[in-house]
Structures are given as C-alpha cells and as structure tokens.
>>> print(open('structure_3.cif').read())   # mmCIF, C-alpha atoms
data_query
loop_
_atom_site.label_atom_id
_atom_site.label_comp_id
_atom_site.auth_asym_id
_atom_site.auth_seq_id
_atom_site.Cartn_x
_atom_site.Cartn_y
_atom_site.Cartn_z
CA MET Q 190 38.71 64.74 71.24
CA THR Q 191 40.28 67.79 72.83
CA ARG Q 192 39.96 67.80 76.58
CA ALA Q 193 40.79 71.12 78.18
CA TYR Q 194 39.27 73.09 81.03
CA PHE Q 195 39.84 76.61 82.30
CA LEU Q 196 40.29 76.67 86.04
CA GLY Q 197 40.27 79.54 88.51
CA ASN Q 198 43.26 81.65 89.46
CA GLY Q 199 43.50 80.65 93.14
CA PHE Q 200 46.16 78.07 93.94
CA GLY Q 201 44.18 75.94 96.42
CA GLN Q 202 41.12 75.83 94.20
CA SER Q 203 43.25 75.05 91.15
CA TYR Q 204 45.14 72.27 92.89
CA TYR Q 205 42.04 70.36 93.93
CA GLN Q 206 40.29 70.87 90.59
CA LYS Q 207 43.35 69.66 88.71
CA ARG Q 208 43.66 66.59 90.89
CA SER Q 209 40.07 65.64 90.06
CA LEU Q 210 40.60 66.21 86.32
CA THR Q 211 43.88 64.35 85.91
CA GLU Q 212 42.28 60.92 86.30
CA ASP Q 213 39.68 61.76 83.65
CA PHE Q 214 42.36 63.09 81.31
CA GLY Q 215 44.60 60.07 81.87
CA ASN Q 216 41.74 57.67 81.12
CA HIS Q 217 41.34 59.33 77.72
CA GLY Q 218 45.06 59.51 76.91
CA TYR Q 219 44.95 63.23 76.16
CA GLY Q 220 44.51 66.45 78.04
CA ARG Q 221 45.88 69.89 78.61
CA ILE Q 222 46.14 71.64 81.94
CA ILE Q 223 46.84 75.30 81.26
CA GLN Q 224 47.10 77.72 84.15
CA ILE Q 225 47.23 81.48 83.87
CA GLY Q 226 50.14 82.80 85.88
CA SER Q 227 51.67 86.25 85.92
CA ALA Q 228 54.90 88.12 85.42
CA ALA Q 229 54.64 88.49 89.22
CA ASN Q 230 55.72 84.85 89.46
CA PRO Q 231 59.48 85.54 89.16
CA ASN Q 232 59.15 89.25 90.10
CA PRO Q 233 56.97 89.51 93.23
CA LEU Q 234 54.97 92.71 93.44
CA PRO Q 235 55.16 95.05 96.43
CA ASP Q 236 51.92 95.03 98.44
CA ARG Q 237 50.77 91.89 96.56
CA ALA Q 238 52.63 89.13 98.43
CA ALA Q 239 49.79 86.59 98.45
CA TYR Q 240 49.04 87.13 94.74
CA SER Q 241 52.70 86.83 93.76
CA ALA Q 242 53.21 83.70 95.88
CA ALA Q 243 50.08 82.05 94.47
CA LYS Q 244 51.23 82.70 90.89
CA ALA Q 245 54.66 81.24 91.68
CA ALA Q 246 52.94 78.18 93.17
CA LEU Q 247 50.99 77.65 89.92
CA ALA Q 248 54.21 77.50 87.90
CA ASN Q 249 55.64 75.00 90.38
CA LEU Q 250 52.45 72.94 90.23
CA SER Q 251 52.75 72.70 86.43
CA VAL Q 252 56.19 71.14 86.73
CA SER Q 253 55.01 68.69 89.40
CA LEU Q 254 51.93 67.69 87.42
CA ALA Q 255 53.98 67.25 84.23
CA LYS Q 256 56.15 64.73 86.08
CA GLU Q 257 53.22 63.05 87.77
CA LEU Q 258 51.33 62.68 84.49
CA ALA Q 259 54.31 61.46 82.47
CA ALA Q 260 53.43 59.22 79.51
CA THR Q 261 49.67 59.79 79.87
CA GLY Q 262 49.21 62.20 76.95
CA VAL Q 263 48.36 64.95 79.45
CA THR Q 264 50.48 68.10 79.63
CA ALA Q 265 50.55 70.77 82.33
CA ASN Q 266 51.79 74.30 81.69
CA THR Q 267 51.51 77.83 82.99
CA ILE Q 268 51.16 80.87 80.75
CA SER Q 269 52.39 84.00 82.51
CA PRO Q 270 51.33 87.29 80.94
CA GLY Q 271 52.97 90.57 81.73
CA PRO Q 272 51.21 93.92 81.53
CA THR Q 273 48.17 93.41 79.32
CA ARG Q 274 45.56 95.82 77.96
CA THR Q 275 42.68 94.76 80.24
CA ALA Q 276 40.08 96.50 82.38
CA GLY Q 277 42.17 95.61 85.42
CA PHE Q 278 45.26 97.27 83.99
CA ARG Q 279 43.21 100.34 83.10
CA GLU Q 280 41.96 100.53 86.72
CA LEU Q 281 45.54 100.22 87.98
CA THR Q 282 46.75 103.03 85.72
CA ALA Q 283 43.75 105.22 86.64
CA ARG Q 284 44.68 104.88 90.33
CA PHE Q 285 48.32 105.54 89.49
CA ALA Q 286 47.37 108.65 87.48
CA ALA Q 287 45.15 109.99 90.29
CA GLY Q 288 47.79 109.30 92.94
CA HIS Q 289 50.53 111.01 90.96
CA GLY Q 290 48.64 114.01 89.59
CA LEU Q 291 48.77 112.79 86.01
CA PRO Q 292 46.20 114.06 83.50
CA ASP Q 293 45.03 110.68 82.15
CA VAL Q 294 45.44 106.91 81.95
CA GLU Q 295 47.53 107.15 78.78
CA SER Q 296 50.12 109.33 80.56
CA ALA Q 297 50.22 106.91 83.47
CA THR Q 298 50.62 103.94 81.12
CA ARG Q 299 53.54 105.62 79.34
CA ILE Q 300 55.28 106.41 82.65
CA LEU Q 301 54.86 102.80 83.81
CA LEU Q 302 56.10 101.39 80.49
CA ASP Q 303 59.12 103.71 80.62
CA GLY Q 304 59.81 102.88 84.27
CA PRO Q 305 58.92 99.87 86.42
CA LEU Q 306 57.20 97.98 83.58
CA ALA Q 307 59.87 98.71 80.98
CA ALA Q 308 60.22 95.84 78.50
CA PRO Q 309 61.90 95.53 75.10
CA SER Q 310 58.50 95.41 73.36
CA ASP Q 311 57.63 98.86 74.81
CA ARG Q 312 53.89 98.09 74.75
CA LEU Q 313 51.11 96.29 76.54
CA ALA Q 314 50.19 92.78 75.43
CA GLU Q 315 46.77 92.35 73.90
CA PRO Q 316 44.37 89.76 75.38
CA ALA Q 317 44.12 88.11 71.94
CA GLU Q 318 47.87 87.39 72.01
CA ILE Q 319 47.50 85.50 75.27
CA ALA Q 320 44.45 83.66 73.95
CA ALA Q 321 46.41 82.60 70.85
CA LEU Q 322 49.19 81.15 73.01
CA VAL Q 323 46.63 79.28 75.13
CA ALA Q 324 45.04 77.88 71.96
CA PHE Q 325 48.40 76.71 70.64
CA VAL Q 326 49.42 75.03 73.89
CA ALA Q 327 45.98 73.36 74.07
CA SER Q 328 46.28 72.04 70.51
CA PRO Q 329 47.98 68.83 69.38
CA TYR Q 330 50.93 71.02 68.32
CA GLY Q 331 51.54 71.71 72.01
CA ALA Q 332 52.16 68.04 72.85
CA SER Q 333 55.88 68.56 73.59
CA ILE Q 334 55.33 71.67 75.70
CA ASN Q 335 55.08 70.23 79.18
CA GLY Q 336 55.98 71.54 82.63
CA ALA Q 337 56.70 74.97 81.18
CA ASN Q 338 56.10 78.48 82.40
CA LEU Q 339 55.59 80.37 79.16
CA ARG Q 340 56.13 84.08 79.65
CA ILE Q 341 54.24 86.39 77.33
CA ASP Q 342 55.47 89.63 78.86
CA GLY Q 343 57.20 91.52 76.05
CA GLY Q 344 60.60 90.72 77.58
CA LEU Q 345 59.75 92.25 80.98
CA THR Q 346 61.25 89.31 82.87
CA PRO Q 347 65.03 89.61 82.40
CA THR Q 348 66.05 85.97 82.47
CA VAL Q 349 67.04 83.28 80.00
CA ASN Q 350 64.71 80.61 81.43
#
>>> encode(input="structure_3.cif", output="structure tokens")
Amino acid sequence: MTRAYFLGNGFGQSYYQKRSLTEDFGNHGYGRIIQIGSAANPNPLPDRAAYSAAKAALANLSVSLAKELAATGVTANTISPGPTRTAGFRELTARFAAGHGLPDVESATRILLDGPLAAPSDRLAEPAEIAALVAFVASPYGASINGANLRIDGGLTPTVN
C-alpha cells in the first residue's frame, strides 16, 4: 500500500507533522515524505528572507529525516520548482508589469526570463511537470531517491549538486 501525505509549506508545521507520520510509516515499512521547496532554497530572494530560509530548512530536514529513517522503507525528499506557470507567478508578473510600465504580463514574463530568471530552458515549468516528478518520487521506482533536493527549475540554479 502506498503511504504518502502532502503537508503544508511552513517549516514548523511540516516538521511536527512529519514527526507524527514517521512512526506510522516505519510501522508499515514503506512511506514517502515529499516536501515542496523552491529555487529560493539555494538562491535566497530579496525581500523574501523568511520564505527563502524556510525553503532551505525543508531541504535540510529531508536529509536529516532520510538519515533518521534509514532502513525503514521510508524516504524523505524535497522537490524544488523554479519559476512555474501558476496563478501566483501570474500575480508576480502583473505587479512587475505595472511597476515597470510594461503593457502586459507576457512582456513582463519575457523580461524576467531574459534577466533575473534566465535559465537554459528559457521557459516556465508547467505544474503538471512538477506533479509528474512528485508521482515518480512517491512511487516504488523512487525507493533509492532519499535525502535529495530535486530541482525542477529549467537549469536556473547554476550548480552541479
């Protein structure tokens, strides 16, 4: 039986929820803890210090939980999306467009993708791409993925690991 739960984005809330689930997972010999991080984890955002720090803490928590839950059949990972075509991103680009005198959200998106959000993929991720990665990590095929921060950011984060 697949045992997986989606937990909130806040670090404190996630920590206590995960602690309560790990015993249940361990008793069944299988489980997946999958947290949704952010490209802000290794690249903190200006004016978003608390958000960036919380996302970095989630990635660290995955590594700690992976070690703590060794040999239980339970894995712990973080999936960290970069810029993604969501309502939140559209709101961000609308504010950016208004603040910079741009005619529309599409113009603002292009400027961001050519500038501070430049990545080799040269596009926004689609929510379905992130969902597919979550599904894979949650599946039995994800059994050897443990303690990882999986970036799905189009190459935005310029690092090997």
>>> closest_residue(input="structure_3.cif", among="Q:Leu306, Q:Ala239, Q:Leu313, Q:Ile222", to="Val263 of chain Q", atoms="all atoms listed in the file")
Q:Ile222
>>> resolve_selection(input="structure_3.cif", expression="the PyMOL selection byres ((chain Q and resi 302) around 12)", output="ChimeraX atom specification")
/Q:271-273,282,295-301,303-314,342-345
>>> closest_residue(input="structure_3.cif", among="Q:Ala320, Q:Ala276, Q:Ile268, Q:Leu291", to="Ala248 of chain Q", atoms="all atoms listed in the file")
Q:Ile268
>>> atom_distance(input="structure_3.cif", atom1="atom CA of Thr267 of chain Q", atom2="atom CA of Ser251 of chain Q")
6.3 Å
>>> resolve_selection(input="structure_3.cif", expression="the PyMOL selection byres ((chain Q and resi 240) around 12)", output="list in words")
Asn198, Gly199, Phe200, Gly226, Ser227, Ala228, Ala229, Asn230, Pro231, Asn232, Pro233, Leu234, Pro235, Asp236, Arg237, Ala238, Ala239, Ser241, Ala242, Ala243, Lys244, Ala245, Ala246 and Leu247 of chain Q
>>> write_last_selection(input="structure_3.cif", atoms="C-alpha atoms", output="compact mmCIF listing (two decimals), keeping the file's coordinate frame")
# COMPACT_ATOMS: atom_id res chain seq x y z
CA ASN Q 198 43.26 81.65 89.46
CA GLY Q 199 43.50 80.65 93.14
CA PHE Q 200 46.16 78.07 93.94
CA GLY Q 226 50.14 82.80 85.88
CA SER Q 227 51.67 86.25 85.92
CA ALA Q 228 54.90 88.12 85.42
CA ALA Q 229 54.64 88.49 89.22
CA ASN Q 230 55.72 84.85 89.46
CA PRO Q 231 59.48 85.54 89.16
CA ASN Q 232 59.15 89.25 90.10
CA PRO Q 233 56.97 89.51 93.23
CA LEU Q 234 54.97 92.71 93.44
CA PRO Q 235 55.16 95.05 96.43
CA ASP Q 236 51.92 95.03 98.44
CA ARG Q 237 50.77 91.89 96.56
CA ALA Q 238 52.63 89.13 98.43
CA ALA Q 239 49.79 86.59 98.45
CA SER Q 241 52.70 86.83 93.76
CA ALA Q 242 53.21 83.70 95.88
CA ALA Q 243 50.08 82.05 94.47
CA LYS Q 244 51.23 82.70 90.89
CA ALA Q 245 54.66 81.24 91.68
CA ALA Q 246 52.94 78.18 93.17
CA LEU Q 247 50.99 77.65 89.92
>>> resolve_selection(input="structure_3.cif", expression="the PyMOL selection byres ((chain Q and resi 264-266) around 12)", output="ChimeraX atom specification")
/Q:192-194,204,207-208,210-211,214-215,218-226,247-263,267-269,322-323,325-340
>>> atom_distance(input="structure_3.cif", atom1="atom CA of Arg274 of chain Q", atom2="atom CA of Val294 of chain Q")
11.8 Å
>>> atom_distance(input="structure_3.cif", atom1="atom CA of Ala283 of chain Q", atom2="atom CA of Pro347 of chain Q")
26.7 Å
>>> decode(input="structure_3.cif", residues="segment 290-310 of chain Q", atoms="N, CA, C and O atoms", output="PDB file, in the first residue's frame")
ATOM      1  N   GLY Q 290       5.891  49.800 -15.992  1.00  0.00           N
ATOM      2  CA  GLY Q 290       5.261  50.402 -17.165  1.00  0.00           C
ATOM      3  C   GLY Q 290       5.195  49.489 -18.383  1.00  0.00           C
ATOM      4  O   GLY Q 290       5.215  49.971 -19.514  1.00  0.00           O
ATOM      5  N   LEU Q 291       5.105  48.192 -18.142  1.00  0.00           N
ATOM      6  CA  LEU Q 291       5.036  47.242 -19.251  1.00  0.00           C
ATOM      7  C   LEU Q 291       3.585  47.030 -19.661  1.00  0.00           C
ATOM      8  O   LEU Q 291       2.680  47.116 -18.826  1.00  0.00           O
ATOM      9  N   PRO Q 292       3.347  46.722 -20.940  1.00  0.00           N
ATOM     10  CA  PRO Q 292       1.970  46.643 -21.426  1.00  0.00           C
ATOM     11  C   PRO Q 292       1.168  45.437 -20.926  1.00  0.00           C
ATOM     12  O   PRO Q 292      -0.054  45.506 -20.833  1.00  0.00           O
ATOM     13  N   ASP Q 293       1.881  44.319 -20.596  1.00  0.00           N
ATOM     14  CA  ASP Q 293       1.117  43.123 -20.216  1.00  0.00           C
ATOM     15  C   ASP Q 293       1.995  42.111 -19.478  1.00  0.00           C
ATOM     16  O   ASP Q 293       3.216  42.275 -19.381  1.00  0.00           O
ATOM     17  N   VAL Q 294       1.344  41.079 -18.973  1.00  0.00           N
ATOM     18  CA  VAL Q 294       2.030  40.029 -18.211  1.00  0.00           C
ATOM     19  C   VAL Q 294       3.026  39.274 -19.090  1.00  0.00           C
ATOM     20  O   VAL Q 294       4.110  38.902 -18.629  1.00  0.00           O
ATOM     21  N   GLU Q 295       2.683  39.063 -20.355  1.00  0.00           N
ATOM     22  CA  GLU Q 295       3.575  38.331 -21.245  1.00  0.00           C
ATOM     23  C   GLU Q 295       4.900  39.071 -21.432  1.00  0.00           C
ATOM     24  O   GLU Q 295       5.969  38.457 -21.446  1.00  0.00           O
ATOM     25  N   SER Q 296       4.825  40.409 -21.569  1.00  0.00           N
ATOM     26  CA  SER Q 296       6.054  41.204 -21.696  1.00  0.00           C
ATOM     27  C   SER Q 296       6.892  41.106 -20.434  1.00  0.00           C
ATOM     28  O   SER Q 296       8.115  40.961 -20.491  1.00  0.00           O
ATOM     29  N   ALA Q 297       6.230  41.180 -19.288  1.00  0.00           N
ATOM     30  CA  ALA Q 297       6.938  41.084 -18.012  1.00  0.00           C
ATOM     31  C   ALA Q 297       7.588  39.709 -17.858  1.00  0.00           C
ATOM     32  O   ALA Q 297       8.736  39.602 -17.410  1.00  0.00           O
ATOM     33  N   THR Q 298       6.860  38.665 -18.239  1.00  0.00           N
ATOM     34  CA  THR Q 298       7.411  37.308 -18.147  1.00  0.00           C
ATOM     35  C   THR Q 298       8.657  37.184 -19.007  1.00  0.00           C
ATOM     36  O   THR Q 298       9.681  36.644 -18.567  1.00  0.00           O
ATOM     37  N   ARG Q 299       8.614  37.700 -20.228  1.00  0.00           N
ATOM     38  CA  ARG Q 299       9.761  37.613 -21.130  1.00  0.00           C
ATOM     39  C   ARG Q 299      10.952  38.350 -20.544  1.00  0.00           C
ATOM     40  O   ARG Q 299      12.090  37.855 -20.587  1.00  0.00           O
ATOM     41  N   ILE Q 300      10.732  39.541 -19.987  1.00  0.00           N
ATOM     42  CA  ILE Q 300      11.839  40.311 -19.399  1.00  0.00           C
ATOM     43  C   ILE Q 300      12.447  39.540 -18.228  1.00  0.00           C
ATOM     44  O   ILE Q 300      13.668  39.472 -18.086  1.00  0.00           O
ATOM     45  N   LEU Q 301      11.608  38.938 -17.387  1.00  0.00           N
ATOM     46  CA  LEU Q 301      12.119  38.161 -16.252  1.00  0.00           C
ATOM     47  C   LEU Q 301      12.884  36.923 -16.721  1.00  0.00           C
ATOM     48  O   LEU Q 301      13.935  36.594 -16.170  1.00  0.00           O
ATOM     49  N   LEU Q 302      12.366  36.242 -17.737  1.00  0.00           N
ATOM     50  CA  LEU Q 302      13.049  35.046 -18.248  1.00  0.00           C
ATOM     51  C   LEU Q 302      14.345  35.385 -18.981  1.00  0.00           C
ATOM     52  O   LEU Q 302      15.247  34.553 -19.072  1.00  0.00           O
ATOM     53  N   ASP Q 303      14.444  36.594 -19.500  1.00  0.00           N
ATOM     54  CA  ASP Q 303      15.681  37.031 -20.151  1.00  0.00           C
ATOM     55  C   ASP Q 303      16.665  37.641 -19.155  1.00  0.00           C
ATOM     56  O   ASP Q 303      17.834  37.817 -19.486  1.00  0.00           O
ATOM     57  N   GLY Q 304      16.183  37.969 -17.959  1.00  0.00           N
ATOM     58  CA  GLY Q 304      17.023  38.628 -16.962  1.00  0.00           C
ATOM     59  C   GLY Q 304      17.215  37.794 -15.715  1.00  0.00           C
ATOM     60  O   GLY Q 304      17.883  36.759 -15.758  1.00  0.00           O
ATOM     61  N   PRO Q 305      16.618  38.214 -14.596  1.00  0.00           N
ATOM     62  CA  PRO Q 305      16.906  37.549 -13.318  1.00  0.00           C
ATOM     63  C   PRO Q 305      16.462  36.095 -13.227  1.00  0.00           C
ATOM     64  O   PRO Q 305      16.989  35.350 -12.412  1.00  0.00           O
ATOM     65  N   LEU Q 306      15.533  35.671 -14.069  1.00  0.00           N
ATOM     66  CA  LEU Q 306      15.078  34.270 -14.047  1.00  0.00           C
ATOM     67  C   LEU Q 306      15.581  33.493 -15.255  1.00  0.00           C
ATOM     68  O   LEU Q 306      15.025  32.452 -15.610  1.00  0.00           O
ATOM     69  N   ALA Q 307      16.656  33.984 -15.866  1.00  0.00           N
ATOM     70  CA  ALA Q 307      17.199  33.319 -17.053  1.00  0.00           C
ATOM     71  C   ALA Q 307      17.666  31.904 -16.705  1.00  0.00           C
ATOM     72  O   ALA Q 307      18.359  31.691 -15.720  1.00  0.00           O
ATOM     73  N   ALA Q 308      17.225  30.946 -17.505  1.00  0.00           N
ATOM     74  CA  ALA Q 308      17.595  29.542 -17.338  1.00  0.00           C
ATOM     75  C   ALA Q 308      17.769  28.934 -18.716  1.00  0.00           C
ATOM     76  O   ALA Q 308      17.168  29.398 -19.684  1.00  0.00           O
ATOM     77  N   PRO Q 309      18.577  27.889 -18.829  1.00  0.00           N
ATOM     78  CA  PRO Q 309      18.776  27.254 -20.133  1.00  0.00           C
ATOM     79  C   PRO Q 309      17.485  26.799 -20.818  1.00  0.00           C
ATOM     80  O   PRO Q 309      17.413  26.802 -22.050  1.00  0.00           O
ATOM     81  N   SER Q 310      16.455  26.451 -20.074  1.00  0.00           N
ATOM     82  CA  SER Q 310      15.209  26.012 -20.708  1.00  0.00           C
ATOM     83  C   SER Q 310      14.455  27.165 -21.360  1.00  0.00           C
ATOM     84  O   SER Q 310      13.643  26.942 -22.254  1.00  0.00           O
TER      85      SER Q 310
END
